[in-house]
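**Q** Quick one: this structure, given as structure tokens, is what I'll be asking you about.
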Amino acid sequence: MGLKPETIVGQIEMCEQHVTPFTDNAVAIGSSASVVAAFVTKTEAARAAYTAQRDAVNAMKNATIEMHLALDAMWDSMSEIVKQVSAKAASAGDGVYALASLPAPKTPGPAGNPGKPYKFKATLMEDGSLDLGWKCTNPAPGTVYQVWRRIGGTGPFTYCGGTGNKSFLDSTIPAGSSAVTYQIQGVRPTGAGEWAQFNVNFGMSSSGSMTTSVTESMPSKIAA
């Protein structure tokens, strides 16, 4: 059918707009009351299924946010206890680490600055968030990656957050965004690495689902 809209919402709305004329003129347009009645039932079912799917997506987004908040709280609590173990070991000896089933810290050596992030990936989740990932040379312990973001092709960058992992979940992208640019930098107490910039563009597949493509570019303006 050449008139079929590209989007799911467009398809449902088009069928809904034809419920009345098809129903009022079933025989005159060459159809029948029973065929049109079946069309109306299927249109209502499609709208109900779409609404249920949207509700499920929103519920998943909320559950994902709650999960990450719970994970952050868990690791904050773990970190606090590890700090207490370290403080106790300073006076009682490294045997405290064995009691806590933790490895005793090694004597640190010069690690140098973190490398420049590369091989950036952006996976679009069902709830509309982006699961970001990258690699980095010389990712010595203690490295924290600063993540900055810009919506669209121009404008200032805003700070999204820091992560000790080479991954980050961005769950605050405005609906309807066509492109997002990220700047990422590895930082340690001894120094900072080189900024990396990645562009994420959103598109639509032939099936009506959202797609993403990633390109690397020179930092247009170092986030600061």
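Letters A, B, ... mark the chains of the structure tokens in the order given; residue numbers begin at 1 per chain; ligand numbers begin at 1, in order shown.
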Fewer than 4 positions away in the same chain doesn't count, so skip those; otherwise give me all residues within 7 Å of segment 189-193 of chain A, counting only C-alpha atoms, as a list in words.
**A** Asn113, Pro114, Gly115, Lys116 and Gln185 of chain A
**Q** Write a file of the selected residues as a PDB file, in the first residue's frame, keeping C-alpha atoms.
**A**
ATOM      1  CA  ASN A 113      48.705   9.879  32.226  1.00  0.00           C
ATOM      2  CA  PRO A 114      45.705   7.960  30.922  1.00  0.00           C
ATOM      3  CA  GLY A 115      45.520   7.486  27.158  1.00  0.00           C
ATOM      4  CA  LYS A 116      42.988   8.946  24.747  1.00  0.00           C
ATOM      5  CA  GLN A 185      38.787  12.420  29.082  1.00  0.00           C
TER       6      GLN A 185
END
**Q** List as JSON lines every residue of segment 95-211 of chain A that is in contact with segment 75-89 of chain A, defined as an atom at most 10 Å from one of its atoms (using only C-alpha atoms), together with the nearest atom pair and the distance in Å rounded to one decimal, sorted by chain and then rising number.
**A**
{"residue": "A:Gly95", "atom": "CA", "partner": "A:Ala89", "partner_atom": "CA", "distance": 7.2}
{"residue": "A:Val96", "atom": "CA", "partner": "A:Ala89", "partner_atom": "CA", "distance": 5.6}
{"residue": "A:Tyr97", "atom": "CA", "partner": "A:Val85", "partner_atom": "CA", "distance": 6.8}
{"residue": "A:Leu99", "atom": "CA", "partner": "A:Val85", "partner_atom": "CA", "distance": 9.4}
{"residue": "A:Ala100", "atom": "CA", "partner": "A:Val85", "partner_atom": "CA", "distance": 7.5}
{"residue": "A:Leu102", "atom": "CA", "partner": "A:Val82", "partner_atom": "CA", "distance": 8.4}
{"residue": "A:Ala104", "atom": "CA", "partner": "A:Ser86", "partner_atom": "CA", "distance": 8.9}
{"residue": "A:Pro105", "atom": "CA", "partner": "A:Ser86", "partner_atom": "CA", "distance": 9.0}
**Q** Store the residues picked out above, limited to N, CA and C atoms, as an mmCIF file, in the first residue's frame.
**A**
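Saved the output as again_14.cif:
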data_model
loop_
_atom_site.group_PDB
_atom_site.id
_atom_site.type_symbol
_atom_site.label_atom_id
_atom_site.label_comp_id
_atom_site.auth_asym_id
_atom_site.auth_seq_id
_atom_site.Cartn_x
_atom_site.Cartn_y
_atom_site.Cartn_z
ATOM 1 N N GLY A 95 47.341 -7.647 57.723
ATOM 2 C CA GLY A 95 46.501 -8.793 58.036
ATOM 3 C C GLY A 95 45.030 -8.447 58.053
ATOM 4 N N VAL A 96 44.710 -7.166 58.248
ATOM 5 C CA VAL A 96 43.317 -6.720 58.236
ATOM 6 C C VAL A 96 42.683 -6.961 56.859
ATOM 7 N N TYR A 97 43.473 -6.831 55.811
ATOM 8 C CA TYR A 97 42.926 -7.042 54.467
ATOM 9 C C TYR A 97 42.474 -8.488 54.293
ATOM 10 N N LEU A 99 41.348 -10.448 56.653
ATOM 11 C CA LEU A 99 40.101 -10.605 57.397
ATOM 12 C C LEU A 99 38.900 -10.103 56.590
ATOM 13 N N ALA A 100 39.126 -9.066 55.801
ATOM 14 C CA ALA A 100 38.057 -8.503 54.982
ATOM 15 C C ALA A 100 37.969 -9.162 53.609
ATOM 16 N N LEU A 102 40.078 -8.946 51.225
ATOM 17 C CA LEU A 102 40.491 -7.952 50.248
ATOM 18 C C LEU A 102 41.981 -8.095 49.988
ATOM 19 N N ALA A 104 45.734 -6.958 49.674
ATOM 20 C CA ALA A 104 46.535 -5.867 50.222
ATOM 21 C C ALA A 104 47.048 -5.004 49.074
ATOM 22 N N PRO A 105 47.074 -3.688 49.219
ATOM 23 C CA PRO A 105 47.514 -2.814 48.127
ATOM 24 C C PRO A 105 48.988 -3.005 47.823
#
**Q** Please compute the atom CA of Ala196 of chain A-atom CA of Glu216 of chain A distance, one decimal, in Å.
**A**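 A separation of 7.8 Å between them.
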**Q** Hey, what's within 10 Å of Leu124 of chain A if we count only C-alpha atoms and toss same-chain stuff fewer than 5 positions away? As a list in words, please?
**A**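 In the requested form, the answer reads Ser129, Leu130, Asp131, Leu132, Asp170, Phe202, Met210, Thr211 and Thr212 of chain A.
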**Q** Between A:Thr158, A:Asn25, A:Ser167, A:Asn62, which one has atoms that come closest to Lys121 of chain A, using only C-alpha atoms?
**A**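 Nearest candidate to Lys121 of chain A out of A:Thr158, A:Asn25, A:Ser167, A:Asn62: A:Ser167.
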**Q** Using DSSP secondary structure from the backbone, list all strand (DSSP E or B) positions within segment 82-218 of chain A, as a ChimeraX atom specification.
**A** /A:118-124,130-135,144-151,158-163,167-170,179-188,191-192,196-204,210-217
**Q** Going by DSSP on the backbone, which residues of segment 75-113 of chain A come out as helix (DSSP H, G or I)? List them as a list in words.
**A**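 Of segment 75-113 of chain A, only Trp75, Asp76, Ser77, Met78, Ser79, Glu80, Ile81, Val82, Lys83, Gln84, Val85, Ser86, Ala87, Lys88, Ala89, Ala90, Ser91, Ala92, Gly95, Val96, Tyr97, Ala98 and Leu99 of chain A fall in helix (DSSP H, G or I).
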**Q** Those same residues - N, CA and C atoms - I'd like them written as a compact mmCIF listing (two decimals), in the first residue's frame.
**A**
# COMPACT_ATOMS: atom_id res chain seq x y z
N TRP A 75 27.97 0.46 45.77
CA TRP A 75 29.42 0.62 45.66
C TRP A 75 29.94 1.75 46.52
N ASP A 76 29.12 2.77 46.76
CA ASP A 76 29.51 3.81 47.71
C ASP A 76 29.69 3.21 49.11
N SER A 77 28.77 2.32 49.48
CA SER A 77 28.85 1.66 50.78
C SER A 77 30.08 0.76 50.85
N MET A 78 30.33 0.02 49.75
CA MET A 78 31.51 -0.85 49.68
C MET A 78 32.78 -0.02 49.80
N SER A 79 32.84 1.10 49.10
CA SER A 79 34.03 1.96 49.13
C SER A 79 34.29 2.50 50.52
N GLU A 80 33.21 2.84 51.24
CA GLU A 80 33.36 3.37 52.59
C GLU A 80 33.99 2.33 53.51
N ILE A 81 33.55 1.08 53.39
CA ILE A 81 34.13 0.02 54.22
C ILE A 81 35.59 -0.24 53.84
N VAL A 82 35.89 -0.22 52.55
CA VAL A 82 37.28 -0.43 52.10
C VAL A 82 38.19 0.66 52.67
N LYS A 83 37.68 1.90 52.70
CA LYS A 83 38.46 2.99 53.30
C LYS A 83 38.71 2.73 54.78
N GLN A 84 37.70 2.21 55.47
CA GLN A 84 37.86 1.90 56.89
C GLN A 84 38.87 0.78 57.10
N VAL A 85 38.83 -0.23 56.22
CA VAL A 85 39.81 -1.32 56.30
C VAL A 85 41.22 -0.78 56.08
N SER A 86 41.36 0.10 55.09
CA SER A 86 42.67 0.69 54.81
C SER A 86 43.19 1.50 55.99
N ALA A 87 42.28 2.24 56.63
CA ALA A 87 42.70 3.03 57.80
C ALA A 87 43.12 2.13 58.95
N LYS A 88 42.38 1.03 59.14
CA LYS A 88 42.72 0.08 60.21
C LYS A 88 44.06 -0.59 59.92
N ALA A 89 44.29 -0.94 58.65
CA ALA A 89 45.53 -1.62 58.28
C ALA A 89 46.74 -0.73 58.50
N ALA A 90 46.54 0.58 58.43
CA ALA A 90 47.67 1.50 58.64
C ALA A 90 48.23 1.38 60.04
N SER A 91 47.40 0.98 61.02
CA SER A 91 47.88 0.83 62.40
C SER A 91 48.03 -0.62 62.82
N ALA A 92 47.23 -1.52 62.24
CA ALA A 92 47.24 -2.92 62.67
C ALA A 92 47.97 -3.85 61.71
N GLY A 95 47.34 -7.65 57.72
CA GLY A 95 46.50 -8.79 58.04
C GLY A 95 45.03 -8.45 58.05
N VAL A 96 44.71 -7.17 58.25
CA VAL A 96 43.32 -6.72 58.24
C VAL A 96 42.68 -6.96 56.86
N TYR A 97 43.47 -6.83 55.81
CA TYR A 97 42.93 -7.04 54.47
C TYR A 97 42.47 -8.49 54.29
N ALA A 98 43.24 -9.44 54.86
CA ALA A 98 42.85 -10.85 54.76
C ALA A 98 41.54 -11.09 55.49
N LEU A 99 41.35 -10.45 56.65
CA LEU A 99 40.10 -10.61 57.40
C LEU A 99 38.90 -10.10 56.59
**Q** Just how far from atom CA of Ser205 of chain A is atom CA of Val180 of chain A, in Å to one decimal?
**A** 18.4 Å
**Q** Do a neighbour search on Ala46 of chain A at 12 Å with only C-alpha atoms, toss out local chain neighbours closer than 2 positions, and write the hits as a list in words.
**A**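 In the requested form, the answer reads Ile8, Val9, Gly10, Gln11, Ile12, Glu13, Met14, Cys15, Glu16, Phe39, Val40, Thr41, Lys42, Thr43, Glu44, Ala48, Ala49, Tyr50, Thr51, Ala52 and Gln53 of chain A.
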**Q** Selected residues, N, CA and C atoms, written as a CSV table (one decimal), in the first residue's frame, please.
**A**
chain,number,residue,atom,x,y,z
A,8,ILE,N,5.2,4.0,13.1
A,8,ILE,CA,4.2,3.2,13.7
A,8,ILE,C,3.0,4.0,14.1
A,9,VAL,N,3.3,5.2,14.7
A,9,VAL,CA,2.2,6.1,15.1
A,9,VAL,C,1.5,6.6,13.9
A,10,GLY,N,2.2,6.9,12.8
A,10,GLY,CA,1.5,7.4,11.6
A,10,GLY,C,0.6,6.3,11.0
A,11,GLN,N,1.0,5.1,11.1
A,11,GLN,CA,0.1,4.0,10.6
A,11,GLN,C,-1.1,3.9,11.4
A,12,ILE,N,-1.0,3.9,12.7
A,12,ILE,CA,-2.2,3.8,13.6
A,12,ILE,C,-3.1,5.0,13.4
A,13,GLU,N,-2.6,6.2,13.3
A,13,GLU,CA,-3.4,7.3,13.2
A,13,GLU,C,-4.1,7.4,11.8
A,14,MET,N,-3.5,6.9,10.8
A,14,MET,CA,-4.1,6.9,9.5
A,14,MET,C,-5.3,5.9,9.5
A,15,CYS,N,-5.1,4.7,10.1
A,15,CYS,CA,-6.2,3.8,10.2
A,15,CYS,C,-7.4,4.3,11.0
A,16,GLU,N,-7.0,5.0,12.1
A,16,GLU,CA,-8.1,5.6,13.0
A,16,GLU,C,-8.9,6.6,12.3
A,39,PHE,N,-11.8,-4.6,10.6
A,39,PHE,CA,-10.8,-3.5,10.5
A,39,PHE,C,-10.8,-2.6,11.8
A,40,VAL,N,-12.0,-2.2,12.2
A,40,VAL,CA,-12.1,-1.4,13.4
A,40,VAL,C,-11.5,-2.1,14.6
A,41,THR,N,-11.9,-3.4,14.8
A,41,THR,CA,-11.4,-4.1,15.9
A,41,THR,C,-9.9,-4.2,15.9
A,42,LYS,N,-9.3,-4.5,14.8
A,42,LYS,CA,-7.8,-4.6,14.7
A,42,LYS,C,-7.1,-3.2,14.9
A,43,THR,N,-7.8,-2.2,14.4
A,43,THR,CA,-7.2,-0.8,14.7
A,43,THR,C,-7.2,-0.5,16.1
A,44,GLU,N,-8.3,-0.8,16.8
A,44,GLU,CA,-8.3,-0.6,18.3
A,44,GLU,C,-7.3,-1.4,19.0
A,48,ALA,N,-4.1,-0.2,21.3
A,48,ALA,CA,-4.0,-0.7,22.7
A,48,ALA,C,-2.6,-1.3,22.9
A,49,ALA,N,-2.1,-2.0,21.9
A,49,ALA,CA,-0.8,-2.7,21.9
A,49,ALA,C,0.3,-1.6,21.9
A,50,TYR,N,0.1,-0.6,21.1
A,50,TYR,CA,1.1,0.5,21.1
A,50,TYR,C,1.2,1.2,22.4
A,51,THR,N,0.0,1.5,23.0
A,51,THR,CA,0.0,2.2,24.3
A,51,THR,C,0.7,1.3,25.4
A,52,ALA,N,0.4,0.0,25.4
A,52,ALA,CA,1.0,-0.9,26.3
A,52,ALA,C,2.5,-1.0,26.2
A,53,GLN,N,3.0,-0.9,24.9
A,53,GLN,CA,4.4,-1.0,24.6
A,53,GLN,C,5.1,0.3,25.2
**Q** Would you compute the distance between atom CA of Phe120 of chain A and atom CA of Gly164 of chain A? Give it in Å to one decimal.
**A**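 Computing the Euclidean distance for atom CA of Phe120 of chain A and atom CA of Gly164 of chain A yields 16.0 Å.
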**Q** Counting only C-alpha atoms, figure out which residue out of A:Pro21, A:Pro5, A:Gly208, A:Gly162 gets nearest to Trp148 of chain A.
**A**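 Nearest candidate to Trp148 of chain A out of A:Pro21, A:Pro5, A:Gly208, A:Gly162: A:Gly162.
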**Q** Nearest to Thr123 of chain A: which of A:Leu169, A:Lys4, A:Val27, A:Pro156 is it, counting only C-alpha atoms?
**A**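 Of A:Leu169, A:Lys4, A:Val27, A:Pro156, the one nearest Thr123 of chain A, counting only C-alpha atoms, is A:Leu169.
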